[in-house]
Structures are given as C-alpha cells and as structure tokens.
>>> print(open('work28.csv').read())   # CSV, C-alpha atoms and all ligand atoms
chain,number,residue,atom,x,y,z
A,1,MET,CA,8.8,172.7,-53.7
A,2,GLU,CA,7.5,173.4,-57.2
A,3,LYS,CA,8.9,171.5,-60.2
A,4,GLN,CA,8.4,173.5,-63.3
A,5,PRO,CA,9.3,172.2,-66.8
A,6,LEU,CA,11.0,174.6,-69.2
A,7,GLY,CA,8.2,174.3,-71.7
A,8,VAL,CA,5.3,172.2,-72.5
A,9,TYR,CA,5.4,171.0,-76.1
A,10,ASN,CA,3.4,168.6,-78.1
A,11,TYR,CA,5.9,167.3,-80.6
A,12,GLY,CA,3.2,165.3,-82.3
A,13,MET,CA,5.6,162.7,-83.5
A,14,ASP,CA,4.8,159.2,-84.5
A,15,PHE,CA,8.0,157.4,-83.6
A,16,SER,CA,7.3,154.3,-85.7
A,17,ARG,CA,7.6,156.2,-88.9
A,18,PRO,CA,11.0,156.0,-90.5
A,19,ASP,CA,11.3,159.7,-91.4
A,20,ASN,CA,10.8,160.4,-87.7
A,21,ALA,CA,13.5,157.9,-86.7
A,22,ARG,CA,15.7,159.8,-89.1
A,23,ALA,CA,14.7,163.2,-87.6
A,24,ILE,CA,15.6,161.8,-84.2
A,25,ASN,CA,19.0,160.5,-85.5
A,26,ARG,CA,19.7,164.0,-86.9
A,27,LEU,CA,19.0,165.5,-83.5
A,28,LYS,CA,21.4,163.0,-82.0
A,29,VAL,CA,24.1,164.0,-84.5
A,30,LEU,CA,23.6,167.7,-83.7
A,31,SER,CA,23.7,167.0,-79.9
A,32,GLU,CA,26.9,165.0,-80.3
A,33,LEU,CA,28.5,167.7,-82.4
A,34,ARG,CA,27.6,170.3,-79.9
A,35,THR,CA,30.2,168.8,-77.6
A,36,GLY,CA,32.9,169.3,-80.3
A,37,GLU,CA,33.8,168.5,-83.9
A,38,CYS,CA,33.9,164.8,-84.8
A,39,SER,CA,34.5,162.5,-87.8
A,40,ARG,CA,31.7,160.4,-89.4
A,41,ALA,CA,33.3,157.2,-88.2
A,42,GLU,CA,33.4,158.5,-84.6
A,43,LEU,CA,29.8,159.7,-84.8
A,44,SER,CA,28.8,156.3,-86.0
A,45,ARG,CA,30.7,154.6,-83.2
A,46,ARG,CA,29.3,156.9,-80.4
A,47,LEU,CA,25.7,156.9,-81.6
A,48,GLY,CA,25.5,153.3,-82.7
A,49,ILE,CA,24.2,154.3,-86.1
A,50,ASN,CA,25.7,152.6,-89.2
A,51,LYS,CA,28.3,154.5,-91.2
A,52,VAL,CA,26.2,154.7,-94.4
A,53,SER,CA,23.2,156.3,-92.6
A,54,ILE,CA,25.6,158.8,-90.9
A,55,GLY,CA,27.1,159.6,-94.2
A,56,ASP,CA,23.7,160.2,-95.8
A,57,MET,CA,22.6,162.4,-92.9
A,58,ILE,CA,25.8,164.5,-92.9
A,59,GLN,CA,25.5,165.0,-96.6
A,60,ASP,CA,21.9,166.4,-96.2
A,61,MET,CA,22.9,168.4,-93.2
A,62,ILE,CA,25.8,170.0,-95.0
A,63,ALA,CA,23.5,170.9,-97.9
A,64,GLU,CA,21.0,172.5,-95.4
A,65,GLY,CA,23.8,174.4,-93.8
A,66,LEU,CA,23.4,172.8,-90.4
A,67,VAL,CA,26.9,171.4,-90.2
A,68,THR,CA,30.2,172.1,-91.9
A,69,GLU,CA,33.0,169.9,-93.0
A,70,GLY,CA,36.6,170.6,-92.1
A,71,LYS,CA,39.7,169.9,-94.2
A,72,LYS,CA,40.3,166.3,-95.3
A,73,ASP,CA,42.8,164.5,-93.2
A,74,THR,CA,45.2,163.2,-96.0
A,75,SER,CA,47.8,161.9,-93.6
A,76,GLN,CA,45.9,158.7,-93.2
A,77,ALA,CA,45.7,155.8,-95.6
A,78,GLY,CA,42.4,154.7,-97.1
A,79,ARG,CA,39.3,156.9,-97.3
A,80,PRO,CA,40.3,160.3,-95.8
A,81,GLY,CA,38.3,161.3,-92.7
A,82,THR,CA,37.2,164.8,-92.1
A,83,LEU,CA,35.9,166.5,-89.0
A,84,ILE,CA,32.3,167.7,-89.0
A,85,SER,CA,31.2,170.6,-86.8
A,86,ILE,CA,28.0,172.5,-86.1
A,87,ASN,CA,27.6,175.5,-88.4
A,88,LYS,CA,27.7,178.3,-85.9
A,89,SER,CA,25.9,180.6,-88.5
A,90,ALA,CA,23.1,178.1,-89.2
A,91,GLY,CA,20.8,180.4,-87.3
A,92,ARG,CA,20.3,182.5,-84.2
A,93,VAL,CA,18.3,182.7,-81.0
A,94,PHE,CA,17.2,185.9,-79.2
A,95,ALA,CA,17.2,186.5,-75.5
A,96,PHE,CA,15.2,189.2,-73.7
A,97,ASP,CA,15.7,190.1,-70.1
A,98,ILE,CA,12.9,192.3,-68.9
A,99,ARG,CA,13.7,194.1,-65.6
A,100,THR,CA,12.0,196.7,-63.5
A,101,ARG,CA,13.6,199.7,-65.2
A,102,SER,CA,15.4,198.3,-68.2
A,103,ILE,CA,15.2,195.6,-70.9
A,104,SER,CA,18.1,194.0,-72.6
A,105,ILE,CA,18.2,192.1,-75.8
A,106,SER,CA,20.9,189.8,-77.1
A,107,VAL,CA,21.3,187.4,-80.0
A,108,SER,CA,23.4,184.2,-80.0
A,109,ASP,CA,24.7,181.7,-82.6
A,110,THR,CA,23.9,178.0,-82.6
A,111,VAL,CA,26.7,177.2,-80.1
A,112,GLY,CA,25.5,179.8,-77.6
A,113,ASN,CA,28.0,182.6,-78.3
A,114,VAL,CA,26.4,186.0,-77.6
A,115,LEU,CA,27.0,187.9,-80.8
A,116,ARG,CA,25.3,191.2,-79.9
A,117,PHE,CA,23.9,192.8,-76.8
A,118,GLU,CA,22.0,196.0,-76.2
A,119,ARG,CA,20.2,197.5,-73.2
A,120,PHE,CA,17.4,200.1,-73.2
A,121,PRO,CA,15.7,202.0,-70.3
A,122,LYS,CA,12.0,201.4,-70.0
A,123,ASN,CA,10.2,204.5,-71.4
A,124,ASP,CA,7.8,205.6,-74.2
A,125,GLU,CA,10.4,204.6,-76.8
A,126,THR,CA,11.2,201.1,-75.5
A,127,ALA,CA,9.1,199.2,-78.0
A,128,ALA,CA,10.4,201.2,-81.0
A,129,ASN,CA,14.0,200.8,-79.8
A,130,ILE,CA,13.6,197.0,-79.3
A,131,LYS,CA,12.0,196.6,-82.7
A,132,LYS,CA,14.9,198.4,-84.4
A,133,ALA,CA,17.4,196.3,-82.3
A,134,ILE,CA,15.7,193.1,-83.4
A,135,GLU,CA,16.0,194.1,-87.0
A,136,ARG,CA,19.7,195.0,-86.6
A,137,MET,CA,20.4,191.7,-84.9
A,138,ARG,CA,18.6,189.7,-87.5
A,139,SER,CA,21.5,191.1,-89.6
A,140,GLY,CA,19.4,191.5,-92.7
A,141,GLU,CA,20.6,188.4,-94.5
A,142,ASN,CA,18.5,185.3,-94.6
A,143,VAL,CA,19.7,184.1,-91.3
A,144,LYS,CA,17.3,181.6,-89.7
A,145,ILE,CA,15.9,182.6,-86.3
A,146,PHE,CA,15.1,179.6,-84.2
A,147,GLY,CA,13.2,181.4,-81.5
A,148,SER,CA,13.4,183.6,-78.4
A,149,ALA,CA,13.8,183.1,-74.7
A,150,VAL,CA,12.3,185.7,-72.4
A,151,ILE,CA,13.2,186.3,-68.7
A,152,THR,CA,10.7,188.5,-67.0
A,153,THR,CA,8.8,189.1,-63.9
A,154,ASP,CA,6.8,191.8,-65.7
A,155,THR,CA,3.9,189.9,-67.2
A,156,ASP,CA,2.4,193.2,-68.5
A,157,PHE,CA,5.2,193.8,-70.9
A,158,ASP,CA,4.2,193.5,-74.5
A,159,THR,CA,6.2,190.7,-76.1
A,160,SER,CA,4.0,190.3,-79.2
A,161,TYR,CA,6.7,191.5,-81.6
A,162,PHE,CA,9.5,189.3,-80.3
A,163,PRO,CA,10.6,186.6,-82.8
A,164,ARG,CA,8.6,183.3,-82.4
A,165,PRO,CA,8.6,180.6,-81.1
A,166,LEU,CA,9.0,182.1,-77.7
A,167,ILE,CA,9.6,180.6,-74.3
A,168,THR,CA,9.6,182.2,-70.9
A,169,ILE,CA,12.3,180.9,-68.7
A,170,PRO,CA,12.8,181.6,-65.0
A,171,ARG,CA,15.9,183.6,-64.3
A,172,ALA,CA,17.6,181.0,-62.1
A,173,ILE,CA,17.0,178.3,-64.8
A,174,ALA,CA,18.7,180.5,-67.4
A,175,GLU,CA,21.7,181.3,-65.2
A,176,ALA,CA,22.1,177.7,-64.1
A,177,SER,CA,21.9,176.5,-67.7
A,178,ALA,CA,24.9,178.8,-68.5
A,179,GLU,CA,26.9,177.3,-65.7
A,180,ILE,CA,26.1,173.7,-66.4
A,181,TYR,CA,26.9,174.3,-70.1
A,182,LYS,CA,30.4,175.5,-69.0
A,183,THR,CA,31.1,173.1,-66.1
A,184,LYS,CA,29.2,170.0,-67.3
A,185,ASN,CA,28.5,167.9,-64.2
A,186,MET,CA,26.8,170.0,-61.5
A,187,GLU,CA,24.5,167.3,-60.2
A,188,GLY,CA,23.1,168.3,-56.8
A,189,PHE,CA,23.9,171.9,-57.1
A,190,LEU,CA,21.6,174.5,-55.7
A,191,PHE,CA,21.7,177.7,-57.7
A,192,LEU,CA,20.7,181.0,-56.0
A,193,SER,CA,20.2,183.8,-58.4
A,194,TRP,CA,20.8,187.1,-56.7
A,195,SER,CA,19.8,190.2,-58.7
A,196,GLU,CA,16.9,192.6,-58.3
A,197,SER,CA,15.0,189.7,-56.8
A,198,PHE,CA,16.0,186.2,-55.7
A,199,ASP,CA,15.3,183.1,-57.7
A,200,ALA,CA,16.6,179.5,-57.3
A,201,ALA,CA,17.0,176.2,-59.2
A,202,LEU,CA,18.3,172.7,-58.3
A,203,GLN,CA,20.0,170.4,-60.7
A,204,ARG,CA,18.6,166.9,-60.2
A,205,GLU,CA,19.0,165.1,-63.5
A,206,GLU,CA,17.3,168.1,-64.9
A,207,LEU,CA,16.9,171.7,-63.7
A,208,MET,CA,14.1,172.2,-61.2
A,209,HIS,CA,12.8,175.7,-60.5
A,210,ILE,CA,12.5,176.7,-56.9
A,211,PRO,CA,10.7,180.0,-56.8
A,212,THR,CA,9.8,179.5,-53.1
A,213,LEU,CA,13.4,179.9,-52.0
A,214,ALA,CA,13.0,183.7,-52.2
A,215,HIS,CA,10.4,183.4,-49.5
A,216,ILE,CA,12.2,181.3,-47.0
A,217,LYS,CA,12.1,183.1,-43.7
A,218,ALA,CA,15.5,184.6,-43.3
A,219,GLN,CA,15.1,187.3,-40.6
A,220,LYS,CA,12.5,188.2,-37.9
A,221,ASP,CA,10.7,191.2,-39.5
A,222,GLY,CA,9.8,192.9,-42.7
A,223,ALA,CA,6.5,192.5,-44.6
A,224,CYS,CA,6.9,190.8,-47.9
A,225,TYR,CA,4.6,191.2,-51.0
A,226,CYS,CA,3.9,187.5,-50.7
A,227,GLY,CA,2.1,188.1,-47.4
A,228,GLY,CA,4.9,186.6,-45.4
A,229,LYS,CA,7.2,188.2,-42.9
A,230,GLY,CA,11.0,188.3,-42.9
A,231,CYS,CA,11.4,186.6,-46.3
A,232,LEU,CA,14.8,186.4,-47.9
A,233,GLU,CA,13.4,188.7,-50.7
A,234,VAL,CA,12.7,191.4,-48.1
A,235,ALA,CA,16.0,190.9,-46.2
A,236,ALA,CA,18.5,191.0,-49.0
A,237,SER,CA,17.3,191.3,-52.6
A,238,GLY,CA,19.0,193.8,-54.9
A,239,ARG,CA,15.9,195.9,-54.8
A,240,THR,CA,15.9,196.0,-51.0
A,241,LEU,CA,19.6,196.8,-50.9
A,242,MET,CA,19.2,199.7,-53.4
A,243,GLU,CA,16.4,201.1,-51.3
A,244,ARG,CA,18.4,200.6,-48.1
A,245,THR,CA,21.6,202.2,-49.4
A,246,GLY,CA,20.4,204.6,-52.0
A,247,ALA,CA,22.7,202.9,-54.6
A,248,PRO,CA,21.7,203.9,-58.1
A,249,SER,CA,22.1,200.5,-59.6
A,250,ILE,CA,23.0,196.9,-58.8
A,251,ARG,CA,26.3,197.4,-60.7
A,252,ASP,CA,27.1,200.1,-58.1
A,253,LEU,CA,26.2,197.9,-55.2
A,254,VAL,CA,28.7,195.3,-56.4
A,255,ARG,CA,31.5,197.6,-57.5
A,256,ASN,CA,31.5,200.6,-55.1
A,257,PRO,CA,33.3,199.6,-51.9
A,258,SER,CA,31.2,202.1,-49.9
A,259,TYR,CA,28.3,199.5,-50.1
A,260,ALA,CA,30.5,196.7,-48.8
A,261,ALA,CA,29.1,196.8,-45.2
A,262,SER,CA,25.5,196.6,-46.5
A,263,ILE,CA,26.4,193.7,-48.7
A,264,LYS,CA,28.1,191.9,-45.8
A,265,GLU,CA,25.0,192.5,-43.7
A,266,ALA,CA,22.8,191.0,-46.4
A,267,LEU,CA,25.0,187.8,-46.4
A,268,ARG,CA,23.6,186.8,-43.0
A,269,PRO,CA,19.9,186.3,-44.1
A,270,ILE,CA,21.3,184.7,-47.3
A,271,ALA,CA,23.2,182.2,-45.3
A,272,MET,CA,20.1,181.5,-43.2
A,273,ALA,CA,18.0,180.8,-46.2
A,274,LEU,CA,20.7,178.7,-47.9
A,275,SER,CA,21.3,176.5,-45.0
A,276,GLU,CA,17.6,175.8,-44.8
A,277,ALA,CA,17.3,175.2,-48.5
A,278,VAL,CA,20.4,172.9,-48.6
A,279,GLN,CA,18.9,170.8,-45.9
A,280,ALA,CA,15.5,170.6,-47.5
A,281,THR,CA,16.8,169.7,-51.0
A,282,ALA,CA,19.8,167.7,-49.9
A,283,ALA,CA,21.8,169.8,-52.3
A,284,SER,CA,25.5,168.9,-52.5
A,285,ASP,CA,26.8,172.4,-53.2
A,286,VAL,CA,25.7,176.0,-53.8
A,287,MET,CA,26.4,178.4,-56.6
A,288,ILE,CA,25.5,182.1,-56.5
A,289,THR,CA,24.5,183.5,-59.9
A,290,GLY,CA,23.1,186.8,-61.2
A,291,ASP,CA,24.3,190.4,-61.0
A,292,LEU,CA,25.2,190.3,-57.3
A,293,SER,CA,27.3,187.1,-57.7
A,294,ALA,CA,30.3,189.3,-58.9
A,295,LEU,CA,31.3,189.9,-55.2
A,296,PRO,CA,34.9,189.8,-54.0
A,297,ASP,CA,36.5,186.7,-52.5
A,298,SER,CA,36.2,188.1,-49.0
A,299,ALA,CA,32.4,188.2,-49.3
A,300,TYR,CA,32.4,184.6,-50.5
A,301,ALA,CA,34.7,183.5,-47.6
A,302,TYR,CA,32.3,185.2,-45.1
A,303,LEU,CA,29.2,183.6,-46.7
A,304,GLN,CA,31.0,180.2,-46.7
A,305,ASN,CA,31.8,180.5,-43.0
A,306,LEU,CA,28.2,181.5,-42.1
A,307,VAL,CA,26.7,178.6,-44.1
A,308,THR,CA,29.2,176.1,-42.6
A,309,ALA,CA,28.4,177.3,-39.1
A,310,LEU,CA,24.6,177.0,-39.7
A,311,LEU,CA,24.8,173.5,-41.2
A,312,PRO,CA,25.3,170.2,-39.3
A,313,PRO,CA,29.0,169.4,-38.9
A,314,ASP,CA,28.9,166.5,-41.4
A,315,ARG,CA,27.5,168.6,-44.3
A,316,GLY,CA,30.5,169.8,-46.3
A,317,VAL,CA,28.8,172.3,-48.7
A,318,THR,CA,30.9,174.7,-50.8
A,319,VAL,CA,29.5,178.0,-51.9
A,320,TYR,CA,30.8,178.9,-55.4
A,321,ARG,CA,30.7,182.1,-57.4
A,322,SER,CA,29.2,181.8,-60.9
A,323,LEU,CA,31.6,181.8,-63.8
A,324,SER,CA,29.4,183.9,-66.0
A,325,GLY,CA,28.4,186.6,-63.5
A,326,GLU,CA,26.2,189.3,-65.0
A,327,ASN,CA,26.5,187.7,-68.5
A,328,GLY,CA,25.0,184.5,-67.3
A,329,THR,CA,21.4,185.5,-67.8
A,330,ARG,CA,21.7,186.1,-71.5
A,331,GLU,CA,24.2,183.3,-72.1
A,332,GLY,CA,21.9,180.8,-70.3
A,333,ALA,CA,18.7,182.1,-71.9
A,334,ALA,CA,20.3,181.5,-75.3
A,335,ILE,CA,21.4,178.0,-74.3
A,336,ALA,CA,17.9,177.2,-73.0
A,337,ALA,CA,16.4,178.5,-76.2
A,338,LEU,CA,18.8,176.4,-78.3
A,339,ASP,CA,18.1,173.3,-76.1
A,340,LEU,CA,14.5,173.8,-76.8
A,341,PHE,CA,14.2,175.0,-80.4
A,342,PHE,CA,17.4,173.7,-82.1
A,343,TYR,CA,18.9,170.7,-80.3
A,344,ARG,CA,15.6,169.5,-78.7
A,345,THR,CA,17.5,168.3,-75.7
A,346,GLN,CA,14.4,167.5,-73.6
A,347,LEU,CA,12.9,165.5,-76.4
A,348,LEU,CA,16.0,163.4,-76.9
A,349,LYS,CA,16.3,162.7,-73.1
A,350,LYS,CA,12.7,161.5,-73.0
A,351,LEU,CA,13.2,159.3,-76.1
A,352,GLU,CA,16.4,157.8,-74.5
A,353,MET,CA,14.3,157.1,-71.4
A,354,ILE,CA,11.6,155.4,-73.4
A,355,GLN,CA,14.3,153.3,-75.1
A,356,ARG,CA,15.8,152.3,-71.8
A,357,ILE,CA,12.4,151.2,-70.6
A,358,GLU,CA,11.7,149.3,-73.8
A,359,ASN,CA,15.1,147.6,-73.7
A,360,ALA,CA,14.4,146.5,-70.1
A,361,LEU,CA,11.1,144.9,-71.0
A,401,ZN,ZN,7.8,186.6,-49.3
>>> encode(input="work28.csv", output="structure tokens")
Amino acid sequence: MEKQPLGVYNYGMDFSRPDNARAINRLKVLSELRTGECSRAELSRRLGINKVSIGDMIQDMIAEGLVTEGKKDTSQAGRPGTLISINKSAGRVFAFDIRTRSISISVSDTVGNVLRFERFPKNDETAANIKKAIERMRSGENVKIFGSAVITTDTDFDTSYFPRPLITIPRAIAEASAEIYKTKNMEGFLFLSWSESFDAALQREELMHIPTLAHIKAQKDGACYCGGKGCLEVAASGRTLMERTGAPSIRDLVRNPSYAASIKEALRPIAMALSEAVQATAASDVMITGDLSALPDSAYAYLQNLVTALLPPDRGVTVYRSLSGENGTREGAAIAALDLFFYRTQLLKKLEMIQRIENAL
C-alpha cells in the first residue's frame, strides 16, 4: 500500500521568530472560523491565545479582508461582543478535472462553495476555451487567487496556463475530502472512487491514497494495462462498462435503466475487491464516490449483501453512497486546495504534533 502525501512543501519557517508565531496563530484563527462564526472571546478560549492578541489579529485580518465582523450584540451588558466569520470573498481557488474526453473547470470561494463550473470537450479549441473560462472565473475584479487543484490521469495535458500555485490531487483524495468536510468524523473509512477508472483512499488520521486498489484481482480473466489479469479496473471501471454496453457516457450508465443489468454485474467484482481491501486495511466502513456512485438504493442493497457475504461474519461493514455524487470531485478538489494554500491544514497539524511532543518531554 502506497502512502502519498497531498503535496510536499518546504514552508521554510523559523518557528522561534515571533512574527512566525503570529502567522501560525492567524492560521489557527482561520481554521477555527472555518467551522463557523465565533466571537473574539470564544476564539481566545478555544485557542488558548490571550484576548488582546486575538483582538489585534482580528483587527489586522479585517483590514486585510480575510475575515468579516457581524453586527454588534447590544443585548449584553459590558463590551458588546460581535461574531467574526471567514470572508467568503477573500479569494478563490480553481479546480480542474482532466478526463479522457473532456475537461471541467470550477472556481470556489474560501469556504469551498463552488461558484461557477464549466465543462469542455477535448479538441483543438480546448486550451483557448479554458483560458477564456479562467478569465471569466477570475471575475475581473482584484479577487485573490490562492491556487489550483488538478485531478488528472493525463500527464501530457498542458497545465502551464492554470493559475499557480498548483497541486495535483488523486481523484479519490479529492472526493474523500469533500465527504469528510461534510460528515466530519469518517475515521477508518475506505473510499472507492468509481468513475472512468477506479481510485481509492483510506482515512487514518489523514487521507492515504491507495492507487493499487484498482488492480486488486476481482475476476478470473481480462488483461489489464498494468500487466495483471482480472484487475478490478478491467472488470468494472466506467470505461470498461461503456465499452461493454455501448453507453455514450457515464451519466447514461447511471441514469438509463437499460444499463441496470450491466451495472449489477459489475457490482460482483467490486464486492470482491472491496472485501479484500477492507480486510487488508482493517477499514471500518466503505463509501462509494465518483460519477458512478449515484446508483439507486437497490444497487447499494445488492452490493451490501455481496460484501457482507464475502467478509467474515464478525465484520460489520456498511457500504455508503457519497453525499456529493458527481459534484464531489470539484468540491473536494477545492477543499484540498484551500487546505493547502489558504488554511494550511497540514502545516497546523504538524505543528500541533510537534507541540504535543515538546509538552511531553
Ligand atoms: Zn491492473
């Protein structure tokens, strides 16, 4: 199993310098406000930072347009408290989803709402169309662009004109990020992304990418591009199903009932692969994400029965349908980009870890 970090960054910070301590406290404030609006006093209490420092920081952050202040609460005696929130319009992140035949582009605000979304077929005009779309989505004004997240298996595609900084994110990591952002605690979940291809991720304190899950042996025959035989990818990927059924798109596969029998057939190798992967990773539950996750309840009931039958009797594993469905990729890519370029979630987690170790010494 391969553990792949989201991005390798040299933050180059000297943590002993007070301005960096301040920079870190600002990040802590942003992360706290991401969970919902909050008063200065409450921020001070939750973060263990004194009220004066919080007040100074908030004042600067309001001036910089990072946070906004709500109405004063005059109902209380003494100094009136106001609620501070993230300024949704403080900036934007782009997400690009490059597929075999099309590319989609979306732009999201600082709390991860997808503001605009466009899709283009891959042809001679693709680059020109995307450049124009980027300009439209920058929205002309002096809106800050924090960066871009790219999901692709097409490494030949020219991304040189995408807004920088740029991070490439595995599809399953993006989709799982969207689900975890909505559902919060999903520790132990195995995410299977089912679109053109398969991809997978496991939540174990942080998201681990499991690209090998697509190549678990799930049926007897069928040569795979990886050199293996009977891989899940060959047995049941969206691409395989389109070839097998002649369906014009994945959307058709999911929505047109005439493909229901082929989908049902594909659930057997998926159950095989999932039962193996659940045992190997000790996953607590499973969630199907991606375009093909938007299947009817009956398909999920069938898959659940197969998985339960294949697992040992004491392993109660539930198979869930993603909440975001086909929107999950762009939602999650935006969240991952915000984590990395705006909230610096990974950096904060590492610093907290260092602090825990230091406190223990
Ligand atoms: Zn393979």
>>> atom_distance(input="work28.csv", atom1="CA of Glu265 (chain A)", atom2="CA of Asn305 (chain A)")
13.8 Å
>>> residues_near_ligand(input="work28.csv", ligand="ligand ZN 401 (chain A)", cutoff="8 Å", atoms="only C-alpha atoms and all ligand atoms", output="list in words")
Ala214, His215, Ile216, Lys217, Ala223, Cys224, Tyr225, Cys226, Gly227, Gly228, Lys229, Gly230, Cys231, Leu232, Glu233 and Val234 of chain A
>>> closest_residue(input="work28.csv", among="A:Asp221, A:Glu331, A:Glu64, A:Asp154", to="Ile173 (chain A)", atoms="all atoms listed in the file")
A:Glu331
>>> residues_near_point(input="work28.csv", point="(14.6, 163.7, -75.2)", cutoff="12 Å", atoms="only C-alpha atoms", output="list in words")
Tyr9, Tyr11, Ile24, Asn25, Leu27, Lys28, Ser31, Glu206, Asp339, Leu340, Tyr343, Arg344, Thr345, Gln346, Leu347, Leu348, Lys349, Lys350, Leu351, Glu352, Met353, Ile354, Gln355 and Arg356 of chain A
>>> residues_around(input="work28.csv", residues="Ile210 (chain A)", least_positions_apart="2", cutoff="10 Å", atoms="all atoms listed in the file", output="list in words")
Met1, Glu2, Lys3, Gln4, Pro170, Ala172, Ile173, Leu190, Phe191, Leu192, Asp199, Ala200, Ala201, Leu202, Leu207, Met208, Thr212, Leu213, Ala214 and Ala277 of chain A
>>> write_last_selection(input="work28.csv", atoms="C-alpha atoms", output="short mmCIF file (atom, residue, chain, number, x, y, z; two decimals), keeping the file's coordinate frame")
data_model
loop_
_atom_site.label_atom_id
_atom_site.label_comp_id
_atom_site.auth_asym_id
_atom_site.auth_seq_id
_atom_site.Cartn_x
_atom_site.Cartn_y
_atom_site.Cartn_z
CA MET A 1 8.80 172.70 -53.70
CA GLU A 2 7.50 173.40 -57.20
CA LYS A 3 8.90 171.50 -60.20
CA GLN A 4 8.40 173.50 -63.30
CA PRO A 170 12.80 181.60 -65.00
CA ALA A 172 17.60 181.00 -62.10
CA ILE A 173 17.00 178.30 -64.80
CA LEU A 190 21.60 174.50 -55.70
CA PHE A 191 21.70 177.70 -57.70
CA LEU A 192 20.70 181.00 -56.00
CA ASP A 199 15.30 183.10 -57.70
CA ALA A 200 16.60 179.50 -57.30
CA ALA A 201 17.00 176.20 -59.20
CA LEU A 202 18.30 172.70 -58.30
CA LEU A 207 16.90 171.70 -63.70
CA MET A 208 14.10 172.20 -61.20
CA THR A 212 9.80 179.50 -53.10
CA LEU A 213 13.40 179.90 -52.00
CA ALA A 214 13.00 183.70 -52.20
CA ALA A 277 17.30 175.20 -48.50
#
